[in-house]
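The next block is structure11.cif, given as mmCIF, N, CA and C atoms.
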data_my_file
#
loop_
_atom_site.label_atom_id
_atom_site.label_comp_id
_atom_site.auth_asym_id
_atom_site.auth_seq_id
_atom_site.Cartn_x
_atom_site.Cartn_y
_atom_site.Cartn_z
N MET A 19 20.07 -16.36 -0.23
CA MET A 19 19.30 -16.10 0.96
C MET A 19 17.82 -16.31 0.63
N GLN A 20 17.14 -17.05 1.49
CA GLN A 20 15.71 -17.25 1.31
C GLN A 20 14.94 -16.34 2.25
N GLY A 21 13.74 -16.03 1.86
CA GLY A 21 12.90 -15.19 2.69
C GLY A 21 12.07 -14.25 1.85
N VAL A 22 11.51 -13.28 2.51
CA VAL A 22 10.64 -12.31 1.86
C VAL A 22 11.18 -10.92 2.14
N GLN A 23 11.28 -10.12 1.11
CA GLN A 23 11.72 -8.73 1.28
C GLN A 23 10.49 -7.87 1.53
N ILE A 24 10.58 -7.01 2.54
CA ILE A 24 9.51 -6.07 2.86
C ILE A 24 10.09 -4.67 2.81
N ASP A 25 9.50 -3.81 1.98
CA ASP A 25 9.93 -2.42 1.88
C ASP A 25 8.88 -1.52 2.53
N LEU A 26 9.33 -0.71 3.48
CA LEU A 26 8.46 0.26 4.15
C LEU A 26 8.75 1.62 3.51
N ILE A 27 7.75 2.24 2.93
CA ILE A 27 7.95 3.50 2.22
C ILE A 27 7.27 4.62 3.00
N SER A 28 8.04 5.63 3.34
CA SER A 28 7.55 6.72 4.19
C SER A 28 6.56 7.62 3.45
N ALA A 29 5.71 8.26 4.23
CA ALA A 29 4.75 9.23 3.69
C ALA A 29 5.49 10.39 3.04
N GLU A 30 6.62 10.76 3.60
CA GLU A 30 7.41 11.87 3.05
C GLU A 30 7.88 11.56 1.63
N ARG A 31 8.41 10.36 1.43
CA ARG A 31 8.88 9.98 0.09
C ARG A 31 7.71 9.94 -0.89
N LEU A 32 6.60 9.35 -0.48
CA LEU A 32 5.43 9.26 -1.37
C LEU A 32 4.89 10.64 -1.74
N SER A 33 4.94 11.57 -0.80
CA SER A 33 4.39 12.91 -1.06
C SER A 33 5.20 13.67 -2.12
N ARG A 34 6.44 13.27 -2.33
CA ARG A 34 7.29 13.93 -3.34
C ARG A 34 7.13 13.32 -4.73
N MET A 35 6.34 12.26 -4.84
CA MET A 35 6.22 11.54 -6.11
C MET A 35 4.88 11.81 -6.79
N PRO A 36 4.90 11.97 -8.11
CA PRO A 36 3.62 12.04 -8.83
C PRO A 36 2.94 10.67 -8.80
N SER A 37 1.65 10.66 -9.01
CA SER A 37 0.86 9.43 -8.90
C SER A 37 1.40 8.28 -9.73
N MET A 38 1.68 8.51 -11.01
CA MET A 38 2.14 7.41 -11.87
C MET A 38 3.50 6.88 -11.43
N GLU A 39 4.34 7.73 -10.89
CA GLU A 39 5.64 7.27 -10.39
C GLU A 39 5.45 6.37 -9.16
N LYS A 40 4.52 6.73 -8.28
CA LYS A 40 4.21 5.88 -7.12
C LYS A 40 3.73 4.51 -7.57
N ILE A 41 2.78 4.52 -8.50
CA ILE A 41 2.19 3.27 -8.98
C ILE A 41 3.24 2.39 -9.64
N ARG A 42 4.09 2.98 -10.46
CA ARG A 42 5.14 2.21 -11.14
C ARG A 42 6.13 1.64 -10.13
N LEU A 43 6.52 2.42 -9.12
CA LEU A 43 7.43 1.96 -8.08
C LEU A 43 6.83 0.75 -7.36
N ILE A 44 5.58 0.87 -6.96
CA ILE A 44 4.90 -0.21 -6.24
C ILE A 44 4.80 -1.45 -7.12
N LEU A 45 4.33 -1.28 -8.33
CA LEU A 45 4.14 -2.43 -9.21
C LEU A 45 5.45 -3.13 -9.54
N ASP A 46 6.51 -2.36 -9.77
CA ASP A 46 7.82 -2.96 -10.05
C ASP A 46 8.32 -3.77 -8.85
N LYS A 47 8.17 -3.22 -7.65
CA LYS A 47 8.61 -3.93 -6.45
C LYS A 47 7.80 -5.22 -6.23
N VAL A 48 6.49 -5.12 -6.37
CA VAL A 48 5.64 -6.28 -6.16
C VAL A 48 5.90 -7.36 -7.22
N ARG A 49 6.12 -6.95 -8.45
CA ARG A 49 6.44 -7.93 -9.51
C ARG A 49 7.72 -8.69 -9.21
N SER A 50 8.64 -8.05 -8.49
CA SER A 50 9.89 -8.74 -8.13
C SER A 50 9.74 -9.57 -6.86
N GLY A 51 8.53 -9.60 -6.28
CA GLY A 51 8.27 -10.42 -5.11
C GLY A 51 8.37 -9.71 -3.78
N THR A 52 8.51 -8.41 -3.79
CA THR A 52 8.64 -7.61 -2.57
C THR A 52 7.26 -7.25 -2.02
N ILE A 53 7.12 -7.31 -0.70
CA ILE A 53 5.92 -6.82 -0.02
C ILE A 53 6.17 -5.35 0.27
N VAL A 54 5.22 -4.50 -0.07
CA VAL A 54 5.37 -3.05 0.10
C VAL A 54 4.38 -2.57 1.15
N ILE A 55 4.88 -1.80 2.11
CA ILE A 55 4.02 -1.19 3.12
C ILE A 55 4.18 0.32 2.99
N LEU A 56 3.07 0.99 2.73
CA LEU A 56 3.05 2.44 2.58
C LEU A 56 2.58 3.09 3.87
N GLU A 57 3.39 4.02 4.38
CA GLU A 57 3.00 4.71 5.61
C GLU A 57 1.72 5.50 5.39
N SER A 58 1.62 6.16 4.26
CA SER A 58 0.36 6.83 3.90
C SER A 58 -0.10 6.16 2.63
N GLY A 59 -1.34 5.79 2.60
CA GLY A 59 -1.85 5.00 1.48
C GLY A 59 -1.99 5.81 0.21
N LEU A 60 -2.56 5.16 -0.76
CA LEU A 60 -2.83 5.79 -2.04
C LEU A 60 -4.21 6.43 -2.00
N SER A 61 -4.39 7.42 -2.84
CA SER A 61 -5.72 8.01 -2.99
C SER A 61 -6.60 6.96 -3.69
N PRO A 62 -7.92 7.11 -3.61
CA PRO A 62 -8.78 6.15 -4.32
C PRO A 62 -8.47 6.09 -5.82
N GLU A 63 -8.14 7.21 -6.42
CA GLU A 63 -7.80 7.24 -7.84
C GLU A 63 -6.50 6.48 -8.11
N GLU A 64 -5.50 6.68 -7.24
CA GLU A 64 -4.23 5.98 -7.40
C GLU A 64 -4.41 4.48 -7.20
N GLN A 65 -5.22 4.10 -6.23
CA GLN A 65 -5.47 2.68 -5.98
C GLN A 65 -6.17 2.05 -7.19
N SER A 66 -7.13 2.75 -7.78
CA SER A 66 -7.81 2.26 -8.98
C SER A 66 -6.83 2.10 -10.13
N SER A 67 -5.96 3.08 -10.31
CA SER A 67 -4.95 3.00 -11.37
C SER A 67 -3.99 1.85 -11.15
N LEU A 68 -3.59 1.62 -9.89
CA LEU A 68 -2.71 0.50 -9.56
C LEU A 68 -3.38 -0.83 -9.92
N ILE A 69 -4.63 -0.98 -9.57
CA ILE A 69 -5.35 -2.22 -9.88
C ILE A 69 -5.49 -2.38 -11.39
N GLU A 70 -5.82 -1.30 -12.08
CA GLU A 70 -5.97 -1.35 -13.54
C GLU A 70 -4.66 -1.76 -14.22
N MET A 71 -3.55 -1.14 -13.81
CA MET A 71 -2.25 -1.48 -14.40
C MET A 71 -1.84 -2.91 -14.06
N THR A 72 -2.17 -3.35 -12.86
CA THR A 72 -1.87 -4.72 -12.45
C THR A 72 -2.60 -5.71 -13.34
N MET A 73 -3.87 -5.46 -13.60
CA MET A 73 -4.66 -6.36 -14.44
C MET A 73 -4.05 -6.49 -15.84
N GLN A 74 -3.47 -5.41 -16.35
CA GLN A 74 -2.85 -5.43 -17.67
C GLN A 74 -1.55 -6.23 -17.69
N GLU A 75 -0.90 -6.39 -16.54
CA GLU A 75 0.40 -7.04 -16.48
C GLU A 75 0.37 -8.49 -16.00
N ILE A 76 -0.82 -9.00 -15.69
CA ILE A 76 -0.93 -10.39 -15.22
C ILE A 76 -0.58 -11.34 -16.36
N LEU A 77 0.33 -12.28 -16.06
CA LEU A 77 0.73 -13.31 -17.01
C LEU A 77 0.72 -14.65 -16.29
N PRO A 78 0.08 -15.66 -16.86
CA PRO A 78 0.08 -16.98 -16.22
C PRO A 78 1.51 -17.48 -15.98
N ASP A 79 1.75 -18.06 -14.84
CA ASP A 79 3.06 -18.62 -14.44
C ASP A 79 4.16 -17.57 -14.28
N GLU A 80 3.82 -16.27 -14.37
CA GLU A 80 4.83 -15.22 -14.15
C GLU A 80 4.40 -14.25 -13.06
N PHE A 81 3.27 -13.60 -13.28
CA PHE A 81 2.79 -12.59 -12.35
C PHE A 81 1.29 -12.78 -12.15
N SER A 82 0.91 -13.15 -10.93
CA SER A 82 -0.49 -13.48 -10.67
C SER A 82 -1.31 -12.32 -10.15
N GLY A 83 -0.73 -11.14 -10.05
CA GLY A 83 -1.46 -9.97 -9.58
C GLY A 83 -1.04 -9.56 -8.18
N ILE A 84 -1.83 -8.69 -7.55
CA ILE A 84 -1.49 -8.16 -6.24
C ILE A 84 -2.58 -8.45 -5.23
N GLU A 85 -2.18 -8.42 -3.98
CA GLU A 85 -3.10 -8.44 -2.85
C GLU A 85 -2.88 -7.09 -2.18
N ILE A 86 -3.95 -6.39 -1.85
CA ILE A 86 -3.82 -5.05 -1.26
C ILE A 86 -4.82 -4.90 -0.13
N GLU A 87 -4.38 -4.33 0.96
CA GLU A 87 -5.26 -4.08 2.10
C GLU A 87 -4.87 -2.75 2.73
N THR A 88 -5.87 -1.98 3.12
CA THR A 88 -5.65 -0.65 3.69
C THR A 88 -6.53 -0.49 4.91
N TYR A 89 -6.03 0.21 5.91
CA TYR A 89 -6.92 0.60 7.00
C TYR A 89 -6.65 2.06 7.36
N PRO A 90 -7.70 2.76 7.75
CA PRO A 90 -7.54 4.15 8.15
C PRO A 90 -7.16 4.25 9.62
N SER A 91 -6.37 5.24 9.93
CA SER A 91 -6.11 5.54 11.34
C SER A 91 -6.22 7.04 11.50
N LYS A 92 -7.04 7.46 12.41
CA LYS A 92 -7.28 8.88 12.58
C LYS A 92 -6.01 9.57 13.05
N GLN A 93 -5.67 10.64 12.36
CA GLN A 93 -4.47 11.39 12.68
C GLN A 93 -4.72 12.25 13.92
N LYS A 94 -3.75 12.27 14.82
CA LYS A 94 -3.89 13.09 16.02
C LYS A 94 -3.82 14.56 15.63
N SER A 95 -4.71 15.33 16.17
CA SER A 95 -4.70 16.75 15.87
C SER A 95 -3.63 17.45 16.71
N GLY A 96 -2.95 18.39 16.08
CA GLY A 96 -1.86 19.08 16.74
C GLY A 96 -2.26 20.39 17.38
N GLY A 97 -3.48 20.78 17.30
CA GLY A 97 -3.92 22.04 17.87
C GLY A 97 -4.97 22.68 16.99
N MET A 98 -5.40 23.84 17.41
CA MET A 98 -6.48 24.54 16.72
C MET A 98 -6.10 24.87 15.28
N LEU A 99 -4.90 25.40 15.05
CA LEU A 99 -4.49 25.80 13.71
C LEU A 99 -4.37 24.58 12.79
N SER A 100 -3.75 23.50 13.27
CA SER A 100 -3.59 22.33 12.41
C SER A 100 -4.95 21.70 12.08
N ARG A 101 -5.90 21.73 13.02
CA ARG A 101 -7.24 21.21 12.73
C ARG A 101 -7.92 22.07 11.67
N PHE A 102 -7.69 23.39 11.72
CA PHE A 102 -8.28 24.29 10.74
C PHE A 102 -7.69 24.03 9.35
N VAL A 103 -6.37 23.87 9.28
CA VAL A 103 -5.69 23.68 7.99
C VAL A 103 -5.99 22.30 7.42
N ARG A 104 -5.88 21.24 8.22
CA ARG A 104 -6.06 19.87 7.74
C ARG A 104 -7.51 19.42 7.77
N GLY A 105 -8.27 19.95 8.67
CA GLY A 105 -9.64 19.47 8.84
C GLY A 105 -9.69 18.48 9.99
N GLU A 106 -10.77 18.48 10.71
CA GLU A 106 -10.93 17.65 11.90
C GLU A 106 -10.91 16.17 11.57
N GLY A 107 -11.50 15.76 10.45
CA GLY A 107 -11.66 14.34 10.17
C GLY A 107 -10.64 13.74 9.22
N GLU A 108 -9.47 14.37 9.07
CA GLU A 108 -8.48 13.85 8.13
C GLU A 108 -8.00 12.46 8.55
N PHE A 109 -7.88 11.59 7.58
CA PHE A 109 -7.41 10.24 7.85
C PHE A 109 -6.10 10.00 7.12
N ARG A 110 -5.21 9.26 7.76
CA ARG A 110 -3.99 8.78 7.11
C ARG A 110 -4.17 7.28 7.02
N ARG A 111 -3.54 6.67 6.05
CA ARG A 111 -3.77 5.26 5.83
C ARG A 111 -2.45 4.50 5.80
N LEU A 112 -2.51 3.27 6.25
CA LEU A 112 -1.41 2.33 6.12
C LEU A 112 -1.88 1.31 5.09
N THR A 113 -1.05 1.03 4.10
CA THR A 113 -1.44 0.11 3.04
C THR A 113 -0.38 -0.96 2.89
N VAL A 114 -0.82 -2.21 2.78
CA VAL A 114 0.06 -3.35 2.57
C VAL A 114 -0.25 -3.90 1.18
N ILE A 115 0.79 -4.04 0.33
CA ILE A 115 0.63 -4.52 -1.04
C ILE A 115 1.67 -5.59 -1.30
N GLY A 116 1.28 -6.68 -1.92
CA GLY A 116 2.24 -7.73 -2.24
C GLY A 116 1.76 -8.62 -3.35
N PRO A 117 2.62 -9.51 -3.82
CA PRO A 117 2.22 -10.45 -4.87
C PRO A 117 1.11 -11.36 -4.36
N ALA A 118 0.11 -11.57 -5.19
CA ALA A 118 -1.05 -12.37 -4.78
C ALA A 118 -0.66 -13.81 -4.44
N ASN A 119 0.41 -14.32 -5.03
CA ASN A 119 0.80 -15.70 -4.74
C ASN A 119 1.65 -15.82 -3.48
N GLN A 120 1.99 -14.71 -2.83
CA GLN A 120 2.79 -14.73 -1.61
C GLN A 120 2.09 -14.13 -0.40
N LEU A 121 1.17 -13.22 -0.63
CA LEU A 121 0.55 -12.46 0.45
C LEU A 121 -0.93 -12.78 0.51
N LYS A 122 -1.38 -13.23 1.66
CA LYS A 122 -2.80 -13.51 1.87
C LYS A 122 -3.25 -12.75 3.11
N MET A 123 -4.27 -11.93 2.94
CA MET A 123 -4.82 -11.20 4.07
C MET A 123 -5.73 -12.15 4.84
N ILE A 124 -5.46 -12.31 6.11
CA ILE A 124 -6.24 -13.21 6.95
C ILE A 124 -7.39 -12.47 7.62
N ARG A 125 -7.09 -11.28 8.12
CA ARG A 125 -8.10 -10.54 8.85
C ARG A 125 -7.81 -9.05 8.78
N ARG A 126 -8.86 -8.25 8.70
CA ARG A 126 -8.72 -6.80 8.72
C ARG A 126 -9.83 -6.23 9.57
N ASP A 127 -9.43 -5.40 10.53
CA ASP A 127 -10.37 -4.64 11.34
C ASP A 127 -10.08 -3.16 11.12
N ARG A 128 -10.77 -2.35 11.87
CA ARG A 128 -10.58 -0.90 11.75
C ARG A 128 -9.15 -0.47 12.02
N ASP A 129 -8.45 -1.18 12.93
CA ASP A 129 -7.10 -0.76 13.29
C ASP A 129 -6.12 -1.93 13.33
N PHE A 130 -6.39 -2.98 12.54
CA PHE A 130 -5.55 -4.17 12.60
C PHE A 130 -5.59 -4.91 11.27
N ILE A 131 -4.42 -5.26 10.74
CA ILE A 131 -4.33 -6.08 9.54
C ILE A 131 -3.48 -7.29 9.90
N SER A 132 -3.98 -8.47 9.60
CA SER A 132 -3.23 -9.70 9.81
C SER A 132 -3.00 -10.33 8.44
N ALA A 133 -1.75 -10.64 8.12
CA ALA A 133 -1.43 -11.19 6.80
C ALA A 133 -0.52 -12.40 6.96
N TRP A 134 -0.62 -13.31 6.00
CA TRP A 134 0.25 -14.47 5.93
C TRP A 134 1.13 -14.27 4.71
N ILE A 135 2.45 -14.40 4.89
CA ILE A 135 3.40 -14.19 3.80
C ILE A 135 4.19 -15.48 3.60
N SER A 136 4.23 -15.95 2.35
CA SER A 136 5.04 -17.12 2.04
C SER A 136 6.25 -16.68 1.23
N SER A 137 7.27 -17.52 1.22
CA SER A 137 8.47 -17.18 0.44
C SER A 137 8.46 -17.91 -0.90
N ARG A 138 7.27 -18.13 -1.43
CA ARG A 138 7.00 -18.76 -2.73
C ARG A 138 7.03 -20.22 -2.61
#
Target format C-alpha coordinates, applied to this file:
Amino acid sequence: MQGVQIDLISAERLSRMPSMEKIRLILDKVRSGTIVILESGLSPEEQSSLIEMTMQEILPDEFSGIEIETYPSKQKSGGMLSRFVRGEGEFRRLTVIGPANQLKMIRRDRDFISAWISSR
(Lines of atoms letter the chains of each structure in order from A and count residues from 1; the text may use other names and numbers.)
(Lines give C-alpha, C1' and ligand atoms only; values in the text may rest on other atoms or scores of the structure.)
Protein backbone atom coordinates (compact mmCIF):
# COMPACT_ATOMS: atom_id res chain seq x y z
CA MET A 1 0.00 0.00 0.00
CA GLN A 2 1.32 3.43 -0.92
CA GLY A 3 0.58 6.60 0.92
CA VAL A 4 1.37 8.46 4.08
CA GLN A 5 0.52 7.35 7.60
CA ILE A 6 -0.79 10.06 9.92
CA ASP A 7 -1.05 9.40 13.65
CA LEU A 8 -3.26 11.68 15.75
CA ILE A 9 -2.23 11.52 19.42
CA SER A 10 -4.71 12.72 22.03
CA ALA A 11 -3.91 15.19 24.79
CA GLU A 12 -5.03 12.56 27.29
CA ARG A 13 -2.43 10.04 26.13
CA LEU A 14 0.33 12.66 26.09
CA SER A 15 -0.54 13.84 29.60
CA ARG A 16 0.13 10.33 30.95
CA MET A 17 3.64 10.21 29.46
CA PRO A 18 6.89 11.60 30.85
CA SER A 19 8.67 14.07 28.57
CA MET A 20 11.38 11.71 27.30
CA GLU A 21 8.81 9.02 26.51
CA LYS A 22 6.81 11.54 24.43
CA ILE A 23 9.91 12.63 22.55
CA ARG A 24 11.03 9.06 21.87
CA LEU A 25 7.53 8.09 20.65
CA ILE A 26 7.42 11.06 18.28
CA LEU A 27 10.95 10.59 16.98
CA ASP A 28 10.47 6.84 16.40
CA LYS A 29 7.24 7.45 14.47
CA VAL A 30 8.72 10.24 12.36
CA ARG A 31 11.85 8.20 11.59
CA SER A 32 9.57 5.49 10.18
CA GLY A 33 7.93 8.08 7.90
CA THR A 34 4.78 8.78 9.91
CA ILE A 35 3.30 12.28 10.22
CA VAL A 36 2.38 12.93 13.86
CA ILE A 37 -0.31 15.37 14.97
CA LEU A 38 -0.45 16.16 18.68
CA GLU A 39 -3.74 17.41 20.08
CA SER A 40 -1.83 19.27 22.77
CA GLY A 41 1.64 20.36 21.81
CA LEU A 42 4.92 19.96 23.56
CA SER A 43 6.23 22.35 26.17
CA PRO A 44 9.04 24.63 24.97
CA GLU A 45 11.52 22.43 26.85
CA GLU A 46 10.15 19.25 25.25
CA GLN A 47 10.24 20.84 21.80
CA SER A 48 13.88 21.87 22.35
CA SER A 49 14.76 18.34 23.47
CA LEU A 50 12.99 16.87 20.42
CA ILE A 51 14.99 19.13 18.09
CA GLU A 52 18.24 18.35 19.93
CA MET A 53 17.66 14.58 19.74
CA THR A 54 16.66 14.87 16.09
CA MET A 55 19.91 16.66 15.24
CA GLN A 56 21.86 13.79 16.83
CA GLU A 57 20.03 11.18 14.73
CA ILE A 58 20.31 12.80 11.28
CA LEU A 59 22.08 10.52 8.80
CA PRO A 60 22.61 11.31 5.12
CA ASP A 61 20.37 9.18 2.85
CA GLU A 62 18.54 7.74 5.90
CA PHE A 63 16.98 10.38 8.13
CA SER A 64 16.94 14.02 7.08
CA GLY A 65 15.37 15.43 10.26
CA ILE A 66 11.93 16.76 11.13
CA GLU A 67 9.59 19.52 10.10
CA ILE A 68 7.53 20.88 13.00
CA GLU A 69 4.81 23.50 13.18
CA THR A 70 2.60 24.56 16.09
CA TYR A 71 -0.21 27.01 16.53
CA PRO A 72 -1.96 28.12 19.69
CA SER A 73 -5.70 28.02 20.09
CA LYS A 74 -7.27 29.67 23.07
CA GLN A 75 -9.08 27.17 25.25
CA LYS A 76 -12.72 27.94 25.97
CA SER A 77 -13.28 28.73 29.59
CA GLY A 78 -15.73 26.49 31.38
CA GLY A 79 -16.77 28.91 34.10
CA MET A 80 -15.48 30.92 37.00
CA LEU A 81 -13.88 27.98 38.84
CA SER A 82 -12.11 26.56 35.78
CA ARG A 83 -10.76 30.03 34.90
CA PHE A 84 -9.43 30.33 38.46
CA VAL A 85 -7.78 26.88 38.38
CA ARG A 86 -6.39 27.02 34.81
CA GLY A 87 -5.94 30.74 34.42
CA GLU A 88 -7.69 33.03 31.97
CA GLY A 89 -4.99 32.97 29.29
CA GLU A 90 -4.21 29.24 29.11
CA PHE A 91 -3.38 28.05 25.62
CA ARG A 92 -3.60 24.57 24.14
CA ARG A 93 -1.59 23.78 21.08
CA LEU A 94 -1.92 21.63 18.00
CA THR A 95 1.42 20.43 16.67
CA VAL A 96 2.23 18.77 13.34
CA ILE A 97 5.54 16.86 13.11
CA GLY A 98 6.88 14.83 10.21
CA PRO A 99 9.96 13.77 8.28
CA ALA A 100 11.61 16.78 6.66
CA ASN A 101 11.79 15.00 3.30
CA GLN A 102 8.01 14.36 3.26
CA LEU A 103 6.39 17.27 5.08
CA LYS A 104 6.65 20.88 3.97
CA MET A 105 4.82 23.64 5.77
CA ILE A 106 3.33 25.98 3.20
CA ARG A 107 1.60 28.50 5.42
CA ARG A 108 0.93 29.12 9.10
CA ASP A 109 -1.37 31.69 10.62
CA ARG A 110 -2.67 32.15 14.13
CA ASP A 111 -5.36 29.50 13.59
CA PHE A 112 -4.41 27.72 10.38
CA ILE A 113 -1.62 25.39 9.24
CA SER A 114 -1.28 24.37 5.60
CA ALA A 115 1.13 21.53 4.81
CA TRP A 116 2.17 19.56 1.75
CA ILE A 117 2.83 15.85 2.33
CA SER A 118 4.58 13.58 -0.16
CA SER A 119 4.76 9.80 -0.07
CA ARG A 120 8.54 9.93 -0.65
Determine the residue set returned by the PyMOL selection byres ((chain A and resi 53-64) around 8) for the present structure, and present it as an NGL selection string.
:A and (22-30 or 32 or 37-38 or 41 or 44 or 47-52 or 65-70 or 88-89 or 109-117 or 121)
Where does DSSP see alpha helix (DSSP H) in chain A, if you list the residues as number ranges by chain?
A: 29-33, 37-49, 62-75, 98-104
Got time to write the residues from that selection, N, CA and C atoms, as an mmCIF file, keeping the file's coordinate frame?
data_model
loop_
_atom_site.group_PDB
_atom_site.id
_atom_site.type_symbol
_atom_site.label_atom_id
_atom_site.label_comp_id
_atom_site.auth_asym_id
_atom_site.auth_seq_id
_atom_site.Cartn_x
_atom_site.Cartn_y
_atom_site.Cartn_z
ATOM 1 N N ALA A 29 5.710 8.260 4.230
ATOM 2 C CA ALA A 29 4.750 9.230 3.690
ATOM 3 C C ALA A 29 5.490 10.390 3.040
ATOM 4 N N GLU A 30 6.620 10.760 3.600
ATOM 5 C CA GLU A 30 7.410 11.870 3.050
ATOM 6 C C GLU A 30 7.880 11.560 1.630
ATOM 7 N N ARG A 31 8.410 10.360 1.430
ATOM 8 C CA ARG A 31 8.880 9.980 0.090
ATOM 9 C C ARG A 31 7.710 9.940 -0.890
ATOM 10 N N LEU A 32 6.600 9.350 -0.480
ATOM 11 C CA LEU A 32 5.430 9.260 -1.370
ATOM 12 C C LEU A 32 4.890 10.640 -1.740
ATOM 13 N N SER A 33 4.940 11.570 -0.800
ATOM 14 C CA SER A 33 4.390 12.910 -1.060
ATOM 15 C C SER A 33 5.200 13.670 -2.120
ATOM 16 N N SER A 37 1.650 10.660 -9.010
ATOM 17 C CA SER A 37 0.860 9.430 -8.900
ATOM 18 C C SER A 37 1.400 8.280 -9.730
ATOM 19 N N MET A 38 1.680 8.510 -11.010
ATOM 20 C CA MET A 38 2.140 7.410 -11.870
ATOM 21 C C MET A 38 3.500 6.880 -11.430
ATOM 22 N N GLU A 39 4.340 7.730 -10.890
ATOM 23 C CA GLU A 39 5.640 7.270 -10.390
ATOM 24 C C GLU A 39 5.450 6.370 -9.160
ATOM 25 N N LYS A 40 4.520 6.730 -8.280
ATOM 26 C CA LYS A 40 4.210 5.880 -7.120
ATOM 27 C C LYS A 40 3.730 4.510 -7.570
ATOM 28 N N ILE A 41 2.780 4.520 -8.500
ATOM 29 C CA ILE A 41 2.190 3.270 -8.980
ATOM 30 C C ILE A 41 3.240 2.390 -9.640
ATOM 31 N N ARG A 42 4.090 2.980 -10.460
ATOM 32 C CA ARG A 42 5.140 2.210 -11.140
ATOM 33 C C ARG A 42 6.130 1.640 -10.130
ATOM 34 N N LEU A 43 6.520 2.420 -9.120
ATOM 35 C CA LEU A 43 7.430 1.960 -8.080
ATOM 36 C C LEU A 43 6.830 0.750 -7.360
ATOM 37 N N ILE A 44 5.580 0.870 -6.960
ATOM 38 C CA ILE A 44 4.900 -0.210 -6.240
ATOM 39 C C ILE A 44 4.800 -1.450 -7.120
ATOM 40 N N LEU A 45 4.330 -1.280 -8.330
ATOM 41 C CA LEU A 45 4.140 -2.430 -9.210
ATOM 42 C C LEU A 45 5.450 -3.130 -9.540
ATOM 43 N N ASP A 46 6.510 -2.360 -9.770
ATOM 44 C CA ASP A 46 7.820 -2.960 -10.050
ATOM 45 C C ASP A 46 8.320 -3.770 -8.850
ATOM 46 N N LYS A 47 8.170 -3.220 -7.650
ATOM 47 C CA LYS A 47 8.610 -3.930 -6.450
ATOM 48 C C LYS A 47 7.800 -5.220 -6.230
ATOM 49 N N VAL A 48 6.490 -5.120 -6.370
ATOM 50 C CA VAL A 48 5.640 -6.280 -6.160
ATOM 51 C C VAL A 48 5.900 -7.360 -7.220
ATOM 52 N N ARG A 49 6.120 -6.950 -8.450
ATOM 53 C CA ARG A 49 6.440 -7.930 -9.510
ATOM 54 C C ARG A 49 7.720 -8.690 -9.210
ATOM 55 N N PRO A 62 -7.920 7.110 -3.610
ATOM 56 C CA PRO A 62 -8.780 6.150 -4.320
ATOM 57 C C PRO A 62 -8.470 6.090 -5.820
ATOM 58 N N GLU A 63 -8.140 7.210 -6.420
ATOM 59 C CA GLU A 63 -7.800 7.240 -7.840
ATOM 60 C C GLU A 63 -6.500 6.480 -8.110
ATOM 61 N N GLU A 64 -5.500 6.680 -7.240
ATOM 62 C CA GLU A 64 -4.230 5.980 -7.400
ATOM 63 C C GLU A 64 -4.410 4.480 -7.200
ATOM 64 N N GLN A 65 -5.220 4.100 -6.230
ATOM 65 C CA GLN A 65 -5.470 2.680 -5.980
ATOM 66 C C GLN A 65 -6.170 2.050 -7.190
ATOM 67 N N SER A 66 -7.130 2.750 -7.780
ATOM 68 C CA SER A 66 -7.810 2.260 -8.980
ATOM 69 C C SER A 66 -6.830 2.100 -10.130
ATOM 70 N N SER A 67 -5.960 3.080 -10.310
ATOM 71 C CA SER A 67 -4.950 3.000 -11.370
ATOM 72 C C SER A 67 -3.990 1.850 -11.150
ATOM 73 N N LEU A 68 -3.590 1.620 -9.890
ATOM 74 C CA LEU A 68 -2.710 0.500 -9.560
ATOM 75 C C LEU A 68 -3.380 -0.830 -9.920
ATOM 76 N N ILE A 69 -4.630 -0.980 -9.570
ATOM 77 C CA ILE A 69 -5.350 -2.220 -9.880
ATOM 78 C C ILE A 69 -5.490 -2.380 -11.390
ATOM 79 N N GLU A 70 -5.820 -1.300 -12.080
ATOM 80 C CA GLU A 70 -5.970 -1.350 -13.540
ATOM 81 C C GLU A 70 -4.660 -1.760 -14.220
ATOM 82 N N MET A 71 -3.550 -1.140 -13.810
ATOM 83 C CA MET A 71 -2.250 -1.480 -14.400
ATOM 84 C C MET A 71 -1.840 -2.910 -14.060
ATOM 85 N N THR A 72 -2.170 -3.350 -12.860
ATOM 86 C CA THR A 72 -1.870 -4.720 -12.450
ATOM 87 C C THR A 72 -2.600 -5.710 -13.340
ATOM 88 N N MET A 73 -3.870 -5.460 -13.600
ATOM 89 C CA MET A 73 -4.660 -6.360 -14.440
ATOM 90 C C MET A 73 -4.050 -6.490 -15.840
ATOM 91 N N GLN A 74 -3.470 -5.410 -16.350
ATOM 92 C CA GLN A 74 -2.850 -5.430 -17.670
ATOM 93 C C GLN A 74 -1.550 -6.230 -17.690
ATOM 94 N N GLU A 75 -0.900 -6.390 -16.540
ATOM 95 C CA GLU A 75 0.400 -7.040 -16.480
ATOM 96 C C GLU A 75 0.370 -8.490 -16.000
ATOM 97 N N MET A 98 -5.400 23.840 17.410
ATOM 98 C CA MET A 98 -6.480 24.540 16.720
ATOM 99 C C MET A 98 -6.100 24.870 15.280
ATOM 100 N N LEU A 99 -4.900 25.400 15.050
ATOM 101 C CA LEU A 99 -4.490 25.800 13.710
ATOM 102 C C LEU A 99 -4.370 24.580 12.790
ATOM 103 N N SER A 100 -3.750 23.500 13.270
ATOM 104 C CA SER A 100 -3.590 22.330 12.410
ATOM 105 C C SER A 100 -4.950 21.700 12.080
ATOM 106 N N ARG A 101 -5.900 21.730 13.020
ATOM 107 C CA ARG A 101 -7.240 21.210 12.730
ATOM 108 C C ARG A 101 -7.920 22.070 11.670
ATOM 109 N N PHE A 102 -7.690 23.390 11.720
ATOM 110 C CA PHE A 102 -8.280 24.290 10.740
ATOM 111 C C PHE A 102 -7.690 24.030 9.350
ATOM 112 N N VAL A 103 -6.370 23.870 9.280
ATOM 113 C CA VAL A 103 -5.690 23.680 7.990
ATOM 114 C C VAL A 103 -5.990 22.300 7.420
ATOM 115 N N ARG A 104 -5.880 21.240 8.220
ATOM 116 C CA ARG A 104 -6.060 19.870 7.740
ATOM 117 C C ARG A 104 -7.510 19.420 7.770
#
Would you give me, as a ChimeraX atom specification, the residues in chain A that DSSP reads as strand (DSSP E or B)?
/A:24-27,53-56,77,81,84-92,109-117,121-127,130-135
Please enclose the listed atoms of stretch 112-130 of chain A in an axis-aligned box, pad each side by 6 Å, and write out the centre and the three edge lengths in Å, rounded to one decimal, as AutoDock Vina command-line options.
--center_x -4.0 --center_y -6.3 --center_z 4.1 --size_x 25.6 --size_y 31.1 --size_z 30.5
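A straight-line distance of 9.2 Å separates atom C of A:Leu45 from atom CA of A:Ile84.
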Between atom CA of A:Ser82 and atom CA of A:Pro36, distance in Å (one decimal):
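Taking atom CA of A:Ser82 and atom CA of A:Pro36, their separation equals 25.9 Å.
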